[in-house]
Structures are given as structure tokens and as C-alpha cells.
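To be precise, the following lines are final11.cif, and they hold mmCIF, C-alpha atoms.
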```cif
data_run
#
loop_
_atom_site.label_atom_id
_atom_site.label_comp_id
_atom_site.auth_asym_id
_atom_site.auth_seq_id
_atom_site.Cartn_x
_atom_site.Cartn_y
_atom_site.Cartn_z
CA MET A 1 0.00 0.00 0.00
CA PRO A 2 1.68 3.26 -1.10
CA TYR A 3 1.58 6.10 1.32
CA ARG A 4 -0.57 8.97 0.20
CA ILE A 5 -0.44 11.30 3.20
CA SER A 6 2.87 13.07 3.55
CA ARG A 7 2.32 14.53 7.00
CA LEU A 8 0.12 16.21 9.56
CA GLY A 9 0.14 19.51 7.69
CA THR A 10 -1.66 21.91 10.01
CA VAL A 11 -3.37 22.12 13.36
CA GLU A 12 -5.63 24.99 14.41
CA ILE A 13 -5.27 25.64 18.14
CA ARG A 14 -7.68 27.89 20.06
CA SER A 15 -6.32 30.67 22.22
CA LEU A 16 -8.07 32.46 25.09
CA ASP A 17 -5.88 35.55 24.48
CA LEU A 18 -4.28 35.73 21.05
CA ASP A 19 -1.77 38.55 21.75
CA ARG A 20 -0.51 36.86 24.92
CA ASP A 21 -0.32 33.39 23.39
CA LEU A 22 1.26 34.59 20.16
CA ASP A 23 4.10 36.08 22.20
CA TYR A 24 4.57 32.63 23.80
CA TYR A 25 4.44 30.72 20.50
CA VAL A 26 6.99 33.07 18.93
CA ASN A 27 9.38 33.78 21.81
CA VAL A 28 9.16 30.69 24.05
CA LEU A 29 8.16 27.87 21.72
CA GLY A 30 10.00 29.72 18.96
CA LEU A 31 7.83 29.23 15.91
CA GLN A 32 8.09 31.60 12.94
CA LEU A 33 5.12 33.96 12.58
CA THR A 34 4.25 34.03 8.89
CA ALA A 35 1.02 36.06 8.92
CA ARG A 36 -1.78 37.37 11.06
CA GLU A 37 -5.23 37.78 9.59
CA GLY A 38 -7.99 38.87 11.94
CA ARG A 39 -8.40 36.40 14.81
CA THR A 40 -5.88 33.88 13.40
CA ALA A 41 -2.09 33.90 13.44
CA TYR A 42 -0.20 31.57 11.08
CA LEU A 43 3.04 29.99 12.28
CA LYS A 44 5.54 27.28 11.40
CA GLY A 45 8.81 25.67 12.45
CA TRP A 46 11.98 27.00 10.84
CA ASP A 47 12.49 23.90 8.67
CA GLU A 48 8.95 23.71 7.30
CA ARG A 49 8.68 24.51 3.62
CA HIS A 50 5.02 25.40 3.23
CA ALA A 51 3.29 28.59 4.32
CA TYR A 52 2.27 27.46 7.83
CA SER A 53 1.67 24.46 10.07
CA VAL A 54 0.00 26.05 13.10
CA MET A 55 -3.01 28.31 13.15
CA LEU A 56 -3.57 30.04 16.47
CA THR A 57 -7.10 31.40 16.65
CA GLY A 58 -8.66 33.60 19.32
CA ALA A 59 -11.69 31.90 20.93
CA ASP A 60 -13.63 31.67 24.20
CA GLN A 61 -12.31 28.17 24.85
CA ALA A 62 -9.07 26.21 24.47
CA GLY A 63 -8.60 23.09 22.36
CA MET A 64 -8.07 22.15 18.73
CA ALA A 65 -10.44 23.54 16.10
CA ARG A 66 -9.24 21.24 13.30
CA MET A 67 -6.35 19.18 11.98
CA ALA A 68 -5.36 18.80 8.35
CA PHE A 69 -3.28 16.16 6.59
CA ARG A 70 -1.40 16.98 3.41
CA THR A 71 -1.52 14.38 0.65
CA VAL A 72 1.62 13.37 -1.23
CA ASP A 73 0.24 14.19 -4.70
CA PRO A 74 -2.78 16.17 -5.97
CA GLU A 75 -4.28 12.89 -7.27
CA ASP A 76 -4.24 11.50 -3.74
CA LEU A 77 -6.85 14.07 -2.79
CA ASP A 78 -9.15 12.68 -5.50
CA TYR A 79 -8.31 9.18 -4.29
CA TYR A 80 -9.45 10.04 -0.77
CA GLU A 81 -12.54 11.82 -2.04
CA ASN A 82 -13.52 8.53 -3.65
CA ARG A 83 -12.84 6.67 -0.41
CA LEU A 84 -14.94 9.13 1.61
CA ARG A 85 -17.80 8.46 -0.85
CA LYS A 86 -17.22 4.71 -0.74
CA PHE A 87 -17.46 4.67 3.06
CA SER A 88 -20.40 7.15 3.01
CA VAL A 89 -18.50 9.72 5.03
CA LYS A 90 -20.19 13.11 4.78
CA TYR A 91 -17.71 15.76 3.72
CA ASP A 92 -17.57 19.34 2.52
CA VAL A 93 -15.31 20.60 -0.22
CA ILE A 94 -13.52 23.73 0.97
CA PRO A 95 -12.48 25.50 -2.25
CA GLU A 96 -9.67 27.46 -0.61
CA ASP A 97 -8.30 28.69 2.67
CA TYR A 98 -5.45 31.05 3.52
CA ARG A 99 -2.57 30.21 1.11
CA ARG A 100 -4.07 26.76 0.65
CA GLY A 101 -5.98 25.07 -2.17
CA ARG A 102 -8.97 22.74 -2.20
CA ALA A 103 -9.60 20.66 0.90
CA LEU A 104 -12.00 17.92 1.96
CA ARG A 105 -13.45 18.51 5.42
CA PHE A 106 -15.23 15.90 7.52
CA THR A 107 -15.78 14.94 11.13
CA ALA A 108 -14.05 11.76 12.29
CA PRO A 109 -15.87 9.38 14.68
CA SER A 110 -13.60 10.79 17.40
CA GLY A 111 -15.48 14.09 17.01
CA HIS A 112 -12.60 15.96 15.37
CA VAL A 113 -12.80 18.14 12.29
CA VAL A 114 -10.28 16.67 9.86
CA GLU A 115 -9.23 18.09 6.51
CA LEU A 116 -7.23 16.66 3.63
CA TYR A 117 -5.48 19.00 1.21
CA ASN A 118 -2.58 19.00 -1.15
CA GLU A 119 -1.85 22.52 -2.35
CA MET A 120 -0.29 25.04 -0.03
CA ASP A 121 2.09 27.82 -1.00
CA TYR A 122 5.68 26.56 -0.97
CA THR A 123 7.46 29.42 0.73
CA GLY A 124 10.63 27.54 1.70
CA ASN A 125 12.31 27.04 5.04
CA LEU A 126 14.69 29.56 6.60
CA LEU A 127 17.67 28.21 4.64
CA PRO A 128 18.76 28.83 1.06
CA THR A 129 18.08 26.03 -1.41
CA VAL A 130 21.64 26.27 -2.75
CA ASN A 131 24.55 25.35 -0.47
CA PRO A 132 22.53 25.67 2.75
CA ALA A 133 23.91 25.70 6.29
CA PRO A 134 22.52 22.98 8.60
CA TRP A 135 20.45 25.45 10.62
CA PRO A 136 19.67 29.16 10.57
CA GLU A 137 21.13 31.58 13.09
CA GLY A 138 19.04 34.00 15.12
CA LEU A 139 16.30 31.62 16.22
CA LYS A 140 14.33 32.41 19.37
CA GLY A 141 13.08 30.10 22.11
CA ILE A 142 12.95 26.33 21.66
CA ALA A 143 12.72 26.79 17.88
CA PRO A 144 11.56 23.30 16.84
CA PRO A 145 12.19 22.51 13.16
CA ARG A 146 8.64 21.25 12.54
CA LEU A 147 5.24 20.06 13.65
CA ASP A 148 5.41 16.30 14.12
CA HIS A 149 2.11 14.72 15.24
CA THR A 150 -1.00 15.15 17.31
CA LEU A 151 -2.70 13.02 19.96
CA VAL A 152 -6.45 13.33 20.37
CA THR A 153 -9.10 11.75 22.57
CA ALA A 154 -12.09 9.67 21.47
CA PRO A 155 -15.04 8.26 23.45
CA ASP A 156 -14.92 5.02 21.41
CA PRO A 157 -11.25 4.51 20.51
CA PRO A 158 -11.68 1.23 18.54
CA LYS A 159 -14.22 2.95 16.26
CA ALA A 160 -11.99 6.01 15.73
CA ILE A 161 -8.89 3.85 15.15
CA GLN A 162 -10.80 1.75 12.62
CA PHE A 163 -11.88 4.91 10.76
CA PHE A 164 -8.33 6.17 10.40
CA GLN A 165 -7.19 2.69 9.34
CA GLU A 166 -9.97 1.79 6.90
CA VAL A 167 -11.01 5.09 5.34
CA LEU A 168 -7.75 7.04 5.47
CA GLU A 169 -5.44 4.00 5.29
CA PHE A 170 -3.24 4.86 8.25
CA ARG A 171 -1.34 1.93 9.68
CA VAL A 172 -0.89 1.12 13.35
CA SER A 173 2.68 1.27 14.63
CA GLU A 174 1.86 0.59 18.27
CA MET A 175 -1.27 -0.02 20.28
CA LEU A 176 -2.34 -0.36 23.86
CA VAL A 177 -4.58 -3.39 24.35
CA ASN A 178 -6.79 -4.19 27.34
CA PRO A 179 -7.01 -7.70 28.86
CA GLU A 180 -9.77 -8.58 26.36
CA GLY A 181 -7.37 -7.76 23.53
CA VAL A 182 -9.27 -4.63 22.47
CA PRO A 183 -7.08 -1.71 21.36
CA VAL A 184 -7.92 1.21 23.67
CA ALA A 185 -5.28 3.48 22.16
CA ALA A 186 -3.30 3.44 18.92
CA TRP A 187 -0.43 5.26 17.23
CA LEU A 188 -1.06 5.62 13.50
CA TRP A 189 1.29 6.40 10.65
CA GLN A 190 1.55 7.00 6.93
CA ARG A 191 4.90 8.75 6.52
CA PRO A 192 7.68 6.38 7.64
CA ALA A 193 7.72 7.49 11.28
CA PRO A 194 6.03 5.99 14.35
CA HIS A 195 2.99 8.27 14.22
CA ASP A 196 1.23 11.14 12.50
CA ILE A 197 -1.77 10.89 14.82
CA ALA A 198 -2.53 8.93 17.98
CA ILE A 199 -5.82 8.26 19.71
CA VAL A 200 -6.46 7.66 23.42
CA PRO A 201 -9.74 7.36 25.36
CA GLY A 202 -11.49 10.59 26.36
CA ARG A 203 -14.08 13.16 25.39
CA ALA A 204 -15.23 13.55 21.77
CA GLY A 205 -13.16 16.21 20.05
CA GLY A 206 -10.64 16.40 22.88
CA PHE A 207 -7.17 17.76 22.15
CA HIS A 208 -4.44 16.01 24.12
CA HIS A 209 -1.40 17.59 22.47
CA ALA A 210 0.42 18.71 19.36
CA ALA A 211 4.09 17.75 19.15
CA PHE A 212 7.03 19.53 17.63
CA THR A 213 10.32 17.83 16.79
CA VAL A 214 13.58 18.57 18.53
CA ASP A 215 16.57 16.96 16.90
CA SER A 216 18.98 16.10 19.71
CA ALA A 217 19.13 15.29 23.41
CA GLU A 218 20.90 18.61 23.85
CA ALA A 219 17.95 20.41 22.23
CA LEU A 220 15.54 18.53 24.48
CA PHE A 221 17.26 19.69 27.67
CA ARG A 222 17.66 23.20 26.28
CA ALA A 223 13.89 23.22 25.64
CA ALA A 224 13.26 22.26 29.27
CA ASP A 225 15.58 25.07 30.41
CA ILE A 226 13.72 27.62 28.28
CA LEU A 227 10.29 26.48 29.48
CA THR A 228 11.39 26.75 33.09
CA MET A 229 13.03 30.16 32.58
CA HIS A 230 9.64 31.36 31.32
CA LYS A 231 7.78 29.58 34.17
CA ALA A 232 5.79 27.51 31.69
CA ARG A 233 3.74 24.70 33.19
CA ILE A 234 5.63 21.46 32.46
CA ASP A 235 3.44 18.37 32.71
CA TYR A 236 6.18 15.76 32.37
CA GLY A 237 9.80 15.45 31.33
CA PRO A 238 12.34 15.57 30.00
CA GLY A 239 11.76 11.85 29.69
CA ARG A 240 11.16 9.06 27.26
CA HIS A 241 8.13 7.18 25.97
CA GLY A 242 8.18 3.39 25.82
CA ILE A 243 5.74 3.70 22.93
CA THR A 244 7.62 5.15 19.91
CA ARG A 245 10.84 5.36 22.03
CA GLY A 246 10.66 9.12 21.51
CA THR A 247 12.06 11.50 24.08
CA THR A 248 9.57 14.00 25.40
CA ILE A 249 8.64 17.07 27.35
CA TYR A 250 4.92 17.75 27.83
CA PHE A 251 4.03 21.32 28.65
CA PHE A 252 1.08 23.69 28.34
CA ASP A 253 0.62 26.87 26.38
CA PRO A 254 -0.81 29.86 28.33
CA SER A 255 -4.39 28.88 27.36
CA GLY A 256 -3.83 25.37 28.71
CA ASN A 257 -3.33 23.44 25.48
CA ARG A 258 -0.77 20.67 25.92
CA LEU A 259 2.22 20.75 23.60
CA GLU A 260 5.18 18.38 23.32
CA THR A 261 8.76 18.54 22.19
CA PHE A 262 9.23 15.11 20.66
CA GLY A 263 12.68 13.66 20.13
CA GLY A 264 12.11 12.19 16.72
CA TYR A 265 15.83 11.39 16.59
CA THR A 266 15.25 8.60 19.08
CA ALA A 267 12.09 7.27 17.44
CA TYR A 268 12.42 4.61 14.82
CA GLN A 269 11.74 4.47 11.09
CA MET A 270 8.93 2.42 9.61
CA ASP A 271 9.30 -0.19 6.88
CA PRO A 272 6.25 -0.63 4.65
CA ASP A 273 5.50 -4.04 6.15
CA CYS A 274 6.06 -3.07 9.79
CA ARG A 275 3.71 -4.92 12.08
CA ALA A 276 2.07 -3.30 15.07
CA VAL A 277 3.79 -3.49 18.45
CA LYS A 278 1.47 -4.21 21.37
CA TRP A 279 1.57 -2.78 24.87
CA THR A 280 -0.69 -4.22 27.54
CA THR A 281 -2.70 -1.85 29.75
CA ASP A 282 -1.05 -3.24 32.90
CA GLN A 283 2.20 -1.80 31.51
CA ILE A 284 0.78 1.63 30.65
CA GLY A 285 3.25 3.27 33.05
CA PRO A 286 6.46 2.44 31.15
CA ALA A 287 4.52 2.53 27.85
CA VAL A 288 3.88 6.24 28.31
CA PHE A 289 6.57 7.37 30.76
CA TYR A 290 9.42 4.91 30.44
CA TYR A 291 11.60 6.19 33.29
CA SER A 292 9.04 6.99 36.00
CA GLN A 293 7.21 3.75 35.03
CA GLU A 294 3.88 5.16 36.12
CA LEU A 295 1.35 7.59 34.71
CA ASN A 296 1.20 10.96 36.37
CA GLU A 297 -2.19 12.25 37.58
CA THR A 298 -2.73 14.40 34.52
CA PHE A 299 -1.79 12.41 31.40
CA LEU A 300 -5.17 10.79 30.79
CA SER A 301 -7.40 13.31 32.59
CA VAL A 302 -6.15 16.74 31.53
CA TYR A 303 -6.73 17.93 27.98
CA THR A 304 -8.60 20.69 26.19
CA MET B 1 5.35 38.77 55.26
CA VAL B 2 2.02 39.50 56.92
CA ALA B 3 1.81 42.84 55.15
CA ASP B 4 1.54 41.06 51.78
CA CYS B 5 -1.26 38.79 52.89
CA ASN B 6 -4.40 40.44 51.63
CA TYR B 7 -7.02 37.75 51.93
CA THR B 8 -7.57 34.51 53.76
CA VAL B 9 -8.92 31.50 51.90
CA ARG B 10 -10.69 29.03 54.18
CA PHE B 11 -11.46 25.52 52.99
CA SER B 12 -14.68 23.78 53.86
CA PRO B 13 -15.22 21.34 55.43
CA LEU B 14 -11.58 20.99 56.60
CA GLY B 15 -11.17 24.44 58.09
CA ASP B 16 -7.59 24.76 56.79
CA THR B 17 -6.68 28.25 55.66
CA VAL B 18 -4.11 29.73 53.30
CA ALA B 19 -3.11 33.36 52.94
CA CYS B 20 -3.39 34.77 49.44
CA ARG B 21 -0.95 37.52 48.59
CA ASP B 22 -1.83 40.50 46.48
CA GLY B 23 -2.25 39.39 42.87
CA GLU B 24 -1.77 35.71 43.65
CA THR B 25 -4.16 33.08 42.32
CA VAL B 26 -5.89 30.73 44.76
CA LEU B 27 -3.92 27.79 43.32
CA ALA B 28 -0.60 29.61 43.67
CA ALA B 29 -1.40 30.42 47.31
CA ILE B 30 -2.22 26.78 48.03
CA MET B 31 0.98 25.54 46.40
CA ARG B 32 3.05 28.14 48.24
CA SER B 33 1.56 26.98 51.55
CA GLY B 34 2.97 23.50 50.95
CA ALA B 35 -0.47 21.95 50.57
CA LYS B 36 -1.33 20.20 47.31
CA VAL B 37 -4.43 20.06 45.14
CA MET B 38 -5.19 18.52 41.77
CA PHE B 39 -4.60 20.85 38.85
CA GLY B 40 -3.96 20.46 35.14
CA CYS B 41 -2.96 22.96 32.50
CA ARG B 42 -2.75 26.00 34.81
CA GLY B 43 -3.97 28.07 31.86
CA GLY B 44 -7.74 28.17 32.39
CA GLY B 45 -8.29 25.68 29.57
CA CYS B 46 -8.86 22.24 31.10
CA GLY B 47 -11.03 22.87 34.19
CA THR B 48 -9.21 20.34 36.40
CA CYS B 49 -8.62 22.84 39.25
CA LYS B 50 -12.27 23.91 39.50
CA MET B 51 -13.52 24.81 42.99
CA ARG B 52 -16.72 26.32 44.41
CA LEU B 53 -17.13 29.47 46.43
CA ILE B 54 -19.29 29.30 49.53
CA SER B 55 -18.67 32.95 50.34
CA GLY B 56 -16.55 35.81 49.08
CA ARG B 57 -15.77 37.22 45.65
CA VAL B 58 -13.06 36.43 43.09
CA ASP B 59 -11.82 37.90 39.84
CA ASP B 60 -12.34 34.89 37.56
CA GLY B 61 -9.47 35.67 35.20
CA ARG B 62 -9.36 34.20 31.70
CA CYS B 63 -11.13 30.85 31.55
CA SER B 64 -12.43 28.59 28.80
CA ALA B 65 -16.21 28.90 28.48
CA ALA B 66 -16.27 25.18 27.69
CA VAL B 67 -15.07 24.23 31.18
CA LEU B 68 -16.46 27.20 33.16
CA PRO B 69 -19.81 28.13 31.62
CA GLU B 70 -21.75 31.13 32.91
CA ALA B 71 -24.34 28.91 34.61
CA GLU B 72 -21.63 27.27 36.74
CA LYS B 73 -20.03 30.63 37.52
CA ARG B 74 -23.38 31.81 38.90
CA GLU B 75 -23.34 28.83 41.26
CA GLY B 76 -19.93 29.82 42.57
CA ALA B 77 -17.62 27.70 40.41
CA PHE B 78 -14.20 29.17 39.61
CA LEU B 79 -10.87 27.92 38.29
CA SER B 80 -8.33 28.18 41.07
CA CYS B 81 -5.43 28.59 38.64
CA GLN B 82 -6.93 31.82 37.30
CA ALA B 83 -9.04 33.25 40.13
CA ARG B 84 -7.69 35.99 42.38
CA PRO B 85 -9.57 36.79 45.61
CA LEU B 86 -11.36 40.14 45.94
CA SER B 87 -12.28 39.36 49.57
CA ASP B 88 -11.69 36.67 52.17
CA LEU B 89 -13.05 33.43 50.75
CA THR B 90 -14.65 30.25 51.96
CA VAL B 91 -14.13 27.53 49.36
CA GLU B 92 -15.68 24.10 49.17
CA LEU B 93 -13.20 21.30 48.43
CA THR B 94 -14.48 18.05 46.97
CA GLU B 95 -12.80 14.72 46.38
CA ALA B 96 -11.98 15.90 42.84
CA ASN B 97 -9.72 18.59 44.29
CA ARG B 98 -7.57 15.95 46.06
CA TYR B 99 -6.46 18.38 48.73
CA ARG B 100 -3.49 17.23 50.79
CA LYS B 101 -2.20 19.11 53.79
CA PRO B 102 1.41 20.30 53.78
CA SER B 103 3.53 17.18 54.26
CA ILE B 104 6.71 19.05 55.19
CA PRO B 105 5.36 21.88 57.35
CA TRP B 106 8.66 23.77 57.69
CA LEU B 107 8.77 24.22 53.90
CA GLY B 108 5.51 26.14 53.74
CA VAL B 109 5.14 29.83 54.42
CA ALA B 110 3.19 29.96 57.65
CA ASP B 111 -0.17 31.68 57.74
CA PRO B 112 -0.38 34.71 59.99
CA PRO B 113 -1.54 33.69 63.48
#
```
Let's see the structure in the file written out as C-alpha cells.
Amino acid sequence: MPYRISRLGTVEIRSLDLDRDLDYYVNVLGLQLTAREGRTAYLKGWDERHAYSVMLTGADQAGMARMAFRTVDPEDLDYYENRLRKFSVKYDVIPEDYRRGRALRFTAPSGHVVELYNEMDYTGNLLPTVNPAPWPEGLKGIAPPRLDHTLVTAPDPPKAIQFFQEVLEFRVSEMLVNPEGVPVAAWLWQRPAPHDIAIVPGRAGGFHHAAFTVDSAEALFRAADILTMHKARIDYGPGRHGITRGTTIYFFDPSGNRLETFGGYTAYQMDPDCRAVKWTTDQIGPAVFYYSQELNETFLSVYT
Amino acid sequence: MVADCNYTVRFSPLGDTVACRDGETVLAAIMRSGAKVMFGCRGGGCGTCKMRLISGRVDDGRCSAAVLPEAEKREGAFLSCQARPLSDLTVELTEANRYRKPSIPWLGVADPP
């Protein structure tokens, strides 16, 4: 099965105070502000090549307004439109959005608004395309290179996992199974990395976190230093996940949305025929927080 | 630092009190006292630190309408990570708040006698 989704392209995160939170996203998290139009600011990591990956939108509540996956080729959008029809998934065609072309918008069984798109303005990363340096100087804050994945909550995880598998053709890299063998959480991928999206039990439409890559252990600890210097609320870390093997810091933005710096450098690569790894719910401690070997009070109960 | 202690927050039914300094949130005052309560995002977004006023007034701060709707506010609900006292308060603690007394008393800043 060829992969047709190149990445989690954008997430739209709600902010209780856009000016305050934008300052945090630019100066503490260290994303690049690419535009601000009305109640939405458009941001991206320094190594992202398209116009934006994060929309920060002023609202009266926190959480994620929508997520969008970018297809590999324009034809893949038509391919998925056919699949949405085949599985009788109601969808809207969004002719265009800010610096983005046609999208298909639908609500997943998890309660999340999901979009698929292909065209977005290719504005380049912060490096030249001829003889580039490995990284740009003058970055602020944590300055993650890119958006990596999201984790969301669903009231009926098996149903949501099945939707992403069957309709959108994501594959499961790892799953958490209960004693009856039912997957209660899953990590799903299309690009050759452990996950583009993961699903855990919780409220419909719940936003657990969006993760940004950091590319070394040094960068991970530097991120923790920066968060603490700015008195950010750190939920967990620096640490490591058993699932995906990724290193992690969980922290919250000023509106209470959980974010993560994810050490993709420690996570593994997928082969096309990779089979799912299973974790049993009695081992959820090391599965999620490998070093403390137990869940903290907030991991499964606190989200927006 | 008695001069900085503007308001007293009393917990019901325990009777424990903490002193809330000028500009300090109820949650920050509790944490500074050495006591512990359950809280989540500390940004007004998740609602985990919700408590209920029995008496007194607070400035609610910036809270998600999804977790602190107007109807609940009218019944005294507030988010302790955002709320700043505008008077002495009596606050109801429930099991969800998971209040724990200071475990290392000499670490806390003592309330004024």
C-alpha cells in the first residue's frame, strides 16, 4: 500500500488571548510567525517549507479547532474523495483557505474536524536552497524545526482507530490493548515514522497535544531550560516514551493546550511491512513514561 | 510577610486556611503553603482545578467557556489557577480537588496567626 499522506500539515489551536499566546508561541516555543489575519495567526517551524503548520485562533475556549493532513500528490486528494464516498463519510469541499488550495473537510468518529489537502504555498524554510547551512542563526526560544504529530481523545477509541485505518489508510505502529485484547489506544502512521496521529480514550473532540520535533538530546534539555526560565507549566519530562521510544517534554501553552517537544531522533523508522507493536494496559506506566514507570495524575485526565 | 497577605482563603469542610498575597491566584497560594491540590494545565483551559465558592468574591481571570460556563459561575464555580480573591473566601473542596495538607510543614510559608 503506497503512502498517500505526507504529514500532519496543520493544526488549528484555540487561544483564550491571542496577543498573549502569540508572544509565547513566537518567543518561548520559537515558531516563525508568517502572517496574522484577523483572529488567526499563522506559524511554522523553521524547517517547514510550506506557508504554515500552526493556526492560532482567538476563541472563548481552548482546544483544537481542526487538523489537516497533506496528501503526497494532488491525485491523492481525489483518491481520498472517492474513499470518503465509498465509506459514506459526509464531507464538505472547501475551495480554498489562507494560502491553501482545495480541501476535503469531515468529522471523524472521534469528534474531530479533519481536513485533507494537497496545495499550499511553498514558501521555503529559513535556509537557502543552494549550499545551505545545517540550521539558521538568530532563532528564538525552543525553535523546533517542525510540527510532528497530534494526539487526540475519542469516546470510542476502537471505532476512531478503525476509521483512520480503513477510510484514510493509516497503519498502526503501536497499540495499547486491554485484557480482552481490544485496542484502547493506537499510534497511527503514513509517513515512515512511528505516528502522524494517535488516539487515546477521552471526550469527543478532545485535544491532548500537538508535538514539535527537537533533533537532539541537547535540544531537548535546552527546551526544558527555556520552558522553566519562562515559568511555563511542564506536565512531564524531560523523559522518554516506551511507545515510539521518543524523548519528550509535555508542557502547556498559556491557554492550557498541551504541547510536546518530541525527540524524533530517538524514534524509529517504519518499513512498509512493519507490524504493530502491542503494549498491555497493565504496563501503561512504562509505555507512556518509560523512566518513572507510572502515569502521572494528569496524562489521561487533563486535555482541552 | 504578613503585610503582603491580603485575603484569607478558608477551605470547607476541613477548616484549613491559606493566605493569598496580592495578585496571587488561589492555586498559587495553596501551592506556596505547601499543601497540594489537583490541577492540570494552569492556563484556564482544562477545568481540572475547579472549585466552588461558599462565600466571598473572586476575579475569575481568563477561563475557557467550555469548562467554566456562565451557569456554573453563577453557582460559585471558579478555576483556582486563574481566580484571584477580591475578599476573604470560603471555598468548598471536593474529592476531585484531592487536597493534601502540607507534608513538610517547615517548607511552607506559615499563615499569619
8 Å contacts from chain A to chain B using all atoms listed in the file, as a compact mmCIF listing (two decimals) with C-alpha atoms, in the coordinates of the input:
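Contents of the output file iface06.txt:
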```
# COMPACT_ATOMS: atom_id res chain seq x y z
CA LEU A 16 -8.07 32.46 25.09
CA ASP A 60 -13.63 31.67 24.20
CA GLN A 61 -12.31 28.17 24.85
CA ALA A 62 -9.07 26.21 24.47
CA GLY A 63 -8.60 23.09 22.36
CA ARG A 233 3.74 24.70 33.19
CA ASP A 235 3.44 18.37 32.71
CA PHE A 252 1.08 23.69 28.34
CA ASP A 253 0.62 26.87 26.38
CA PRO A 254 -0.81 29.86 28.33
CA SER A 255 -4.39 28.88 27.36
CA GLY A 256 -3.83 25.37 28.71
CA ASN A 257 -3.33 23.44 25.48
CA ARG A 258 -0.77 20.67 25.92
CA THR A 298 -2.73 14.40 34.52
CA VAL A 302 -6.15 16.74 31.53
CA TYR A 303 -6.73 17.93 27.98
CA THR A 304 -8.60 20.69 26.19
```
task: Apply the PyMOL selection byres ((chain B and resi 15) around 12) to the displayed file and report the matching residues as JSON, numbers by chain.
output: {"B": [8, 9, 10, 11, 12, 13, 14, 16, 17, 18, 89, 90, 91, 92, 93, 101]}
**Nearby residues (all atoms listed in the file) at most 9 Å from range 41-49 of chain A, same-chain spacing under 5 positions excluded, as a PyMOL selection string** = chain A and resi 18+22+25-26+30-36+54-58+121-127+135-136+139+143-147+212
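A straight line drawn from CA of Asp19 in chain A to CA of Gly61 in chain B is 15.8 Å long.
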Min atom-atom distance to Glu75 in chain A from the set A:Val89, A:Ile13, A:Val184, A:Ile5, counting all atoms listed in the file, belongs to A:Ile5
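The coordinates place CA of Cys20 in chain B at 18.3 Å from CA of Trp106 in chain B.
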For the provided coordinates, the residues matched by the PyMOL selection byres ((chain B and resi 30) around 10) should be stated as a ChimeraX atom specification. /B:9,17-20,24-29,31-37,80,99,101-102,108
For this session: I need the residue set behind the PyMOL selection byres ((chain A and resi 181) around 12) for this file; please write it as a PyMOL selection string.
Result: chain A and resi 158+175-180+182-185+278-281
Just the selected residues (C-alpha atoms), exported as a PDB file, in the frame of the given file, please.
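Saved the output as selection11.pdb:
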```
ATOM      1  CA  PRO A 158     -11.680   1.230  18.540  1.00  0.00           C
ATOM      2  CA  MET A 175      -1.270  -0.020  20.280  1.00  0.00           C
ATOM      3  CA  LEU A 176      -2.340  -0.360  23.860  1.00  0.00           C
ATOM      4  CA  VAL A 177      -4.580  -3.390  24.350  1.00  0.00           C
ATOM      5  CA  ASN A 178      -6.790  -4.190  27.340  1.00  0.00           C
ATOM      6  CA  PRO A 179      -7.010  -7.700  28.860  1.00  0.00           C
ATOM      7  CA  GLU A 180      -9.770  -8.580  26.360  1.00  0.00           C
ATOM      8  CA  VAL A 182      -9.270  -4.630  22.470  1.00  0.00           C
ATOM      9  CA  PRO A 183      -7.080  -1.710  21.360  1.00  0.00           C
ATOM     10  CA  VAL A 184      -7.920   1.210  23.670  1.00  0.00           C
ATOM     11  CA  ALA A 185      -5.280   3.480  22.160  1.00  0.00           C
ATOM     12  CA  LYS A 278       1.470  -4.210  21.370  1.00  0.00           C
ATOM     13  CA  TRP A 279       1.570  -2.780  24.870  1.00  0.00           C
ATOM     14  CA  THR A 280      -0.690  -4.220  27.540  1.00  0.00           C
ATOM     15  CA  THR A 281      -2.700  -1.850  29.750  1.00  0.00           C
TER      16      THR A 281
END
```
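One distance worth recording is that between CA of Arg275 in chain A and CA of Phe170 in chain A, which is 12.6 Å.
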